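Engineer: The structure that follows is given in the form of structure tokens.
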Amino acid sequence: MSKAPIPDAFPEGARIAVLTTQPLGRPLDYRAPAGGLRAGAFVEVPLGPRKVLGVVWGPGTGEVAAGKLRSVLRVLDAAPMRPELRAFLERAADYTLTPLPAMLRLATRAPGLGDPPAMRRLFVAGERAPTRMTDARARVLDALEAATSGLTLAELTEAAGVSASVVKGLVAQGAVAEIETPRDAPFPRLDPEVRGKPLSADQAAAAEALRAGVAAGGYATTLLKGVTGSGKTEVYLEAVAECLARGRQALVLLPEIALTAEFLDRVEARFGARPAEWHSGLTMTERRRVWRMTGEGGAQMVVGARSALFLPFADLGLVIVDEEHDSSYKQEEGVLYNARDMSVLRAAHAGAQVVLASATPSLETWANVEAGKYDRLELAARFGAVLPEMRAIDMRAEGLPAGRWISETLARAVETRIAAGEQALLFINRRGYAPVTLCRACGHQIACPDCDARLVEHRFLKRLVCHQCGESIPTPAACPECGKEESLAAIGPGVERLAEEAQARFPEARLAVLSSDLFASARALKAEIAAIAEGGADIVIGTQLVAKGHNFPLLTLVGVIDADLALHGSDLRAAERTFQLMRQVAGRAGRKEKPGVAMLQTHQPDHPVIRAILAGDEEGFWRAEAAARQATGMPPYGRLAGIILSGPEPEPVFQLGQALARADGPLRRIGAEVWGPAPAPIARIRGRHRVRLLVKAAKGAPLQPALSEWLAQVEVKAPLRLAVDIDPQSFF
Ligand SMILES: Nc1ncnc2c1ncn2[C@@H]1O[C@H](COP(=O)(O)OP(=O)(O)OP(=O)(O)O)[C@@H](O)[C@H]1O
Ligand SMILES: [Zn+2]
């Protein structure tokens, strides 16, 4: 049966369907305005008394009576949304069971995106130094230096925390200049012909294979697996070069903003200019420019966080997902999606190549390679360096006194490194000073009033902080339960406490503590990372922030304080996560001339996961892990969906869960099982009680339609809420 072609140009008066970002579910019918319009056009339409943004989705469906049909108010001056992106949004909405308008919102996150081109006044650094430097003036100059392009007066005063008169004063002295520029200028051209670094034979072979994929065009996904420090970045930049040379656009996703600074420098070295950036730290002006320029082809390359994959690329040819195993690619709030998986989906629609780069790929990706869905390229050796030696420190034999966490063996190794002018990293995956604050008099543990979680002491902030909701209280002097003074004791280590111990143990050493909550801004964090790379510290103490892709040339020793920490969760991925994290953090050691060592403090040196980490037997580890998941039908060999119900009172939440469990017919029909309802491991967050159900289905089962049918049977009325998490990564 052949379908009639769907027209994509509509004359004045034609009935069209417009999808808005309002929570209505489906597109609504409108009438095309004078001059007609095309499918994909961005429009403004009336909705009740309001004017809202929408996209022409296709011909009208006829659900609005002809007499009630309202006309499109205006067609916005923006490149129409391409069929590729519209199709992707529909598929992504179906896959994640997200209403289409919420998906559209992800793709339209730029202010004033339909405004006509205009000039505006920006402030940039001037030629001269200010006559007299003050704190306020220094902040203005810092803010200008940090901005990717100039800033408006409002952005500059906001970023620097100064009044407009400070800026005007600097302009008068020539230390700040005003320029008139088009609101949305194209980004500087990247030149793929600038020569890259000479590649090793392995690197060149992998780069050639990636180039060939890009040259062939069309969709394919390749895993670029390379040990830490093997030069994956250099290799995939060659694929970017090929893509740019063919006039198509490239997107590089990074898991962490703190990684972008170093990465942008490398791009500039390779292509002679900096690419566009997309992440939560952008100003509104920058956002709008990036959004428009990706749509008009004025941005050849975008480096960004996960939401960059919803940008309106004019011709997307390549997507790189760096550190593809990283759990931060899963968005855990709002629309629940995995940016790695959605990148593959987007690329399939756009006819683009995908490169998933990692030293420790996810089991999902490994399984897709095994199944022949993804290609695989391998970099087995470090570039100009050797892999670190891995050792265990058996903590049962160390006899460490209570309240101390650095073993003698590790401490001596640190001293040796410092004496040699090298750096050591002490790694603990826990923010704050101590995870538990306990009253020695009455045994009370201080908890968050709104969450089922203990408050974590942050001594640096002098507060107790809830890691679930972010609320905090000043650290009390007396027990809030029994009132006894000076009875509160910190139990267990966090990164701040470890720093305290290290300072006492190595009084001469210069310490740098890297934890996301110790930095007021992403910029301050980037500056600290750059300072460490240049040798500005002897000992780096860090959380998982330091495990990811940083290059610290002087770092030769990594000490993991508690390698067992993540091993024992009920989490399905506990083994996989531990393996990845330990291999990644160890991979920070010995990346240049001097060889490195990683020492893992553990109480279970014979645990199979710890042994696999030490032996570096990756294929063996993956095969064992895959076999275990296969035996239980767990992902990636089976499918899961989490249902999270919440509400201010526990009873109605449970009743809703029970109603769902009883009505499991649609799930049973596809052979799926439902577990629960059960209180969530964190049974209350922000005052809302939480209940979970877990649906498990066979790999090929039509899970989403069954879930839709199942969930449609119950009515979820405010204040109750229901969230669906397809392929859940977390189970809290
Ligand atoms: N061909 C090359 N010529 C010169 N330097 C190189 C080359 N390949 C890699 N390097 C250098 O080696 C270091 C490691 O490379 P890169 O950061 O690309 O590794 P990676 O595989 O991404 O590591 P990780 O997985 O640990 O993040 C970098 O400092 C990089 O500049
Ligand atoms: Zn809380």
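Naming scheme: A, B, ... for chains in displayed order of the structure tokens; residues 1 onward per chain; ligands 1 onward as shown.
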Neighbours of ligand 2 within 9 Å, counting only C-alpha atoms and all ligand atoms, as number ranges by chain?
Structural biologist: A: 447-455, 465-472, 684-687
Engineer: Quick one: write out the picked residues with C-alpha atoms as a PDB file, in the first residue's frame?
Structural biologist:
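Dumped everything to result-v5.pdb:
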```
ATOM      1  CA  ALA A 447      18.551  14.019  58.808  1.00  0.00           C
ATOM      2  CA  CYS A 448      16.914  16.266  56.239  1.00  0.00           C
ATOM      3  CA  PRO A 449      13.432  17.356  57.357  1.00  0.00           C
ATOM      4  CA  ASP A 450      12.112  16.939  53.811  1.00  0.00           C
ATOM      5  CA  CYS A 451      13.973  13.863  52.587  1.00  0.00           C
ATOM      6  CA  ASP A 452      14.721  10.363  53.664  1.00  0.00           C
ATOM      7  CA  ALA A 453      18.422  11.202  53.782  1.00  0.00           C
ATOM      8  CA  ARG A 454      21.045  12.102  56.351  1.00  0.00           C
ATOM      9  CA  LEU A 455      22.545  15.542  56.171  1.00  0.00           C
ATOM     10  CA  VAL A 465      23.667  19.789  53.364  1.00  0.00           C
ATOM     11  CA  CYS A 466      21.059  17.400  51.967  1.00  0.00           C
ATOM     12  CA  HIS A 467      22.483  15.760  48.854  1.00  0.00           C
ATOM     13  CA  GLN A 468      18.959  14.935  47.678  1.00  0.00           C
ATOM     14  CA  CYS A 469      17.218  18.313  47.718  1.00  0.00           C
ATOM     15  CA  GLY A 470      20.156  20.677  48.241  1.00  0.00           C
ATOM     16  CA  GLU A 471      18.676  22.293  51.361  1.00  0.00           C
ATOM     17  CA  SER A 472      21.119  23.067  54.134  1.00  0.00           C
ATOM     18  CA  ARG A 684      10.969  10.843  50.575  1.00  0.00           C
ATOM     19  CA  ILE A 685      12.497  13.739  48.647  1.00  0.00           C
ATOM     20  CA  ARG A 686      11.512  17.388  49.067  1.00  0.00           C
ATOM     21  CA  GLY A 687       8.620  16.328  51.262  1.00  0.00           C
TER      22      GLY A 687
END
```
Engineer: Write out as a PyMOL selection string the residues lying within 9 Å of region 281-289 of chain A, counting only C-alpha atoms and excluding same-chain residues fewer than 6 positions away.
Structural biologist: chain A and resi 109-113+147-149+151-152+155+183-186+257+522
Engineer: Keeping only C-alpha atoms, write those residues as a PDB file, in the first residue's frame.
Structural biologist:
```pdb
ATOM      1  CA  ARG A 109      15.708  26.354  24.293  1.00  0.00           C
ATOM      2  CA  ALA A 110      16.851  29.702  22.970  1.00  0.00           C
ATOM      3  CA  PRO A 111      15.314  33.071  23.766  1.00  0.00           C
ATOM      4  CA  GLY A 112      13.753  35.233  21.048  1.00  0.00           C
ATOM      5  CA  LEU A 113      14.527  32.627  18.451  1.00  0.00           C
ATOM      6  CA  ALA A 147      33.092  35.045  27.784  1.00  0.00           C
ATOM      7  CA  THR A 148      33.322  33.303  24.426  1.00  0.00           C
ATOM      8  CA  SER A 149      32.282  36.509  22.672  1.00  0.00           C
ATOM      9  CA  LEU A 151      28.805  40.604  26.571  1.00  0.00           C
ATOM     10  CA  THR A 152      25.851  42.959  26.710  1.00  0.00           C
ATOM     11  CA  GLU A 155      25.252  40.311  31.105  1.00  0.00           C
ATOM     12  CA  ARG A 183      23.068  39.832  17.147  1.00  0.00           C
ATOM     13  CA  ASP A 184      23.844  36.423  15.732  1.00  0.00           C
ATOM     14  CA  ALA A 185      27.160  36.370  13.930  1.00  0.00           C
ATOM     15  CA  PRO A 186      28.498  33.165  12.372  1.00  0.00           C
ATOM     16  CA  ILE A 257      31.706  21.335  31.589  1.00  0.00           C
ATOM     17  CA  ALA A 522      32.619  26.534  36.430  1.00  0.00           C
TER      18      ALA A 522
END
```
Engineer: Find the residue from A:Ala631, A:Val540, A:Cys243, A:Leu259 that sits nearest to ligand 1; use only C-alpha atoms and all ligand atoms when measuring.
Structural biologist: A:Leu259
Engineer: Could you give me, as a list in words, every polymer residue with an atom at most 7 Å away from an atom of ligand 1, counting only C-alpha atoms and all ligand atoms?
Structural biologist: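 Final answer, ordered by chain and number: Lys197, Pro198, Leu199, Ser200, Gly226, Val227, Thr228, Gly229, Ser230, Gly231, Lys232, Thr233, Glu234, Ser358, Ala359, Phe383, Lys548, Gly549, His550, Asn551, Gln584, Gly587, Arg588 and Arg591 of chain A.
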Engineer: Those residues you just picked out, can you put them in a file as an mmCIF file, in the first residue's frame with C-alpha atoms?
Structural biologist:
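Output file again14.cif is given in full below:
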```cif
data_model
loop_
_atom_site.group_PDB
_atom_site.id
_atom_site.type_symbol
_atom_site.label_atom_id
_atom_site.label_comp_id
_atom_site.auth_asym_id
_atom_site.auth_seq_id
_atom_site.Cartn_x
_atom_site.Cartn_y
_atom_site.Cartn_z
ATOM 1 C CA LYS A 197 49.686 16.060 15.342
ATOM 2 C CA PRO A 198 51.575 13.255 13.606
ATOM 3 C CA LEU A 199 49.763 10.085 14.612
ATOM 4 C CA SER A 200 51.152 6.749 15.730
ATOM 5 C CA GLY A 226 41.269 3.165 23.657
ATOM 6 C CA VAL A 227 43.068 2.795 26.945
ATOM 7 C CA THR A 228 43.393 5.986 29.019
ATOM 8 C CA GLY A 229 45.883 8.338 27.394
ATOM 9 C CA SER A 230 45.861 6.558 24.042
ATOM 10 C CA GLY A 231 44.899 9.692 22.150
ATOM 11 C CA LYS A 232 41.237 9.045 21.395
ATOM 12 C CA THR A 233 40.698 12.781 21.122
ATOM 13 C CA GLU A 234 43.411 13.206 18.492
ATOM 14 C CA SER A 358 35.790 5.459 25.945
ATOM 15 C CA ALA A 359 38.509 3.551 27.735
ATOM 16 C CA PHE A 383 50.709 7.503 23.340
ATOM 17 C CA LYS A 548 37.232 12.067 33.871
ATOM 18 C CA GLY A 549 39.550 12.778 30.990
ATOM 19 C CA HIS A 550 41.946 15.280 32.594
ATOM 20 C CA ASN A 551 45.605 15.490 31.649
ATOM 21 C CA GLN A 584 39.370 5.805 34.773
ATOM 22 C CA GLY A 587 44.228 6.331 34.150
ATOM 23 C CA ARG A 588 45.142 9.797 35.437
ATOM 24 C CA ARG A 591 50.330 10.013 31.301
#
```
Engineer: How would you write, as a short mmCIF file (atom, residue, chain, number, x, y, z; two decimals) with C-alpha atoms, in the first residue's frame, the set of residues in region 461-580 of chain A that DSSP gives as strand (DSSP E or B)?
Structural biologist:
```cif
data_model
loop_
_atom_site.label_atom_id
_atom_site.label_comp_id
_atom_site.auth_asym_id
_atom_site.auth_seq_id
_atom_site.Cartn_x
_atom_site.Cartn_y
_atom_site.Cartn_z
CA ARG A 463 26.68 23.77 56.93
CA LEU A 464 24.93 20.43 56.90
CA VAL A 465 23.67 19.79 53.36
CA SER A 472 21.12 23.07 54.13
CA ILE A 473 21.28 24.30 57.74
CA PRO A 474 24.14 25.94 59.64
CA ALA A 478 24.25 21.30 70.10
CA GLU A 485 26.36 20.82 73.62
CA LEU A 488 28.03 15.94 67.67
CA ALA A 489 30.56 13.67 66.00
CA ALA A 490 31.44 13.38 62.33
CA ILE A 491 31.31 9.77 61.16
CA LEU A 511 47.11 20.58 48.53
CA ALA A 512 44.41 21.15 45.92
CA VAL A 513 40.91 19.90 46.66
CA LEU A 514 38.70 19.24 43.65
CA ILE A 539 48.68 16.44 46.28
CA VAL A 540 45.32 16.58 44.55
CA ILE A 541 42.38 15.38 46.60
CA GLY A 542 39.31 14.80 44.56
CA LEU A 555 50.74 13.12 38.23
CA THR A 556 52.32 9.72 38.77
CA LEU A 557 50.47 8.25 41.75
CA VAL A 558 46.77 7.64 42.25
CA GLY A 559 45.61 6.43 45.66
CA VAL A 560 42.03 5.24 45.89
#
```
Engineer: With distances taken over only C-alpha atoms, which of A:Ala164, A:Glu238, A:Gln353, A:Gln173 is nearest to Gly217 (chain A)?
Structural biologist: A:Gln353
Engineer: Could you tell me which of A:Thr360, A:Ile610, A:Arg668, A:Ile406 comes closest to Leu581 (chain A) if we count only C-alpha atoms?
Structural biologist: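 Under the stated criterion, the closest residue is A:Thr360.
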Engineer: Considering only C-alpha atoms, can you say which of A:Pro681, A:Gly665, A:Gly58, A:Gly298 comes closest to Phe187 (chain A)?
Structural biologist: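 Closest candidate: A:Gly298.
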Engineer: Need to verify the contact set: Lys699 (chain A), 8 Å, only C-alpha atoms, exclusion of same-chain residues closer than 5 positions in sequence. Can you return it as a PyMOL selection string?
Structural biologist: chain A and resi 636-639
Engineer: Which residues come within 10 Å of Arg266 (chain A), counting only C-alpha atoms, excluding same-chain residues fewer than 5 positions away, as a PyMOL selection string?
Structural biologist: chain A and resi 196+233-234+237+260-261+271-274
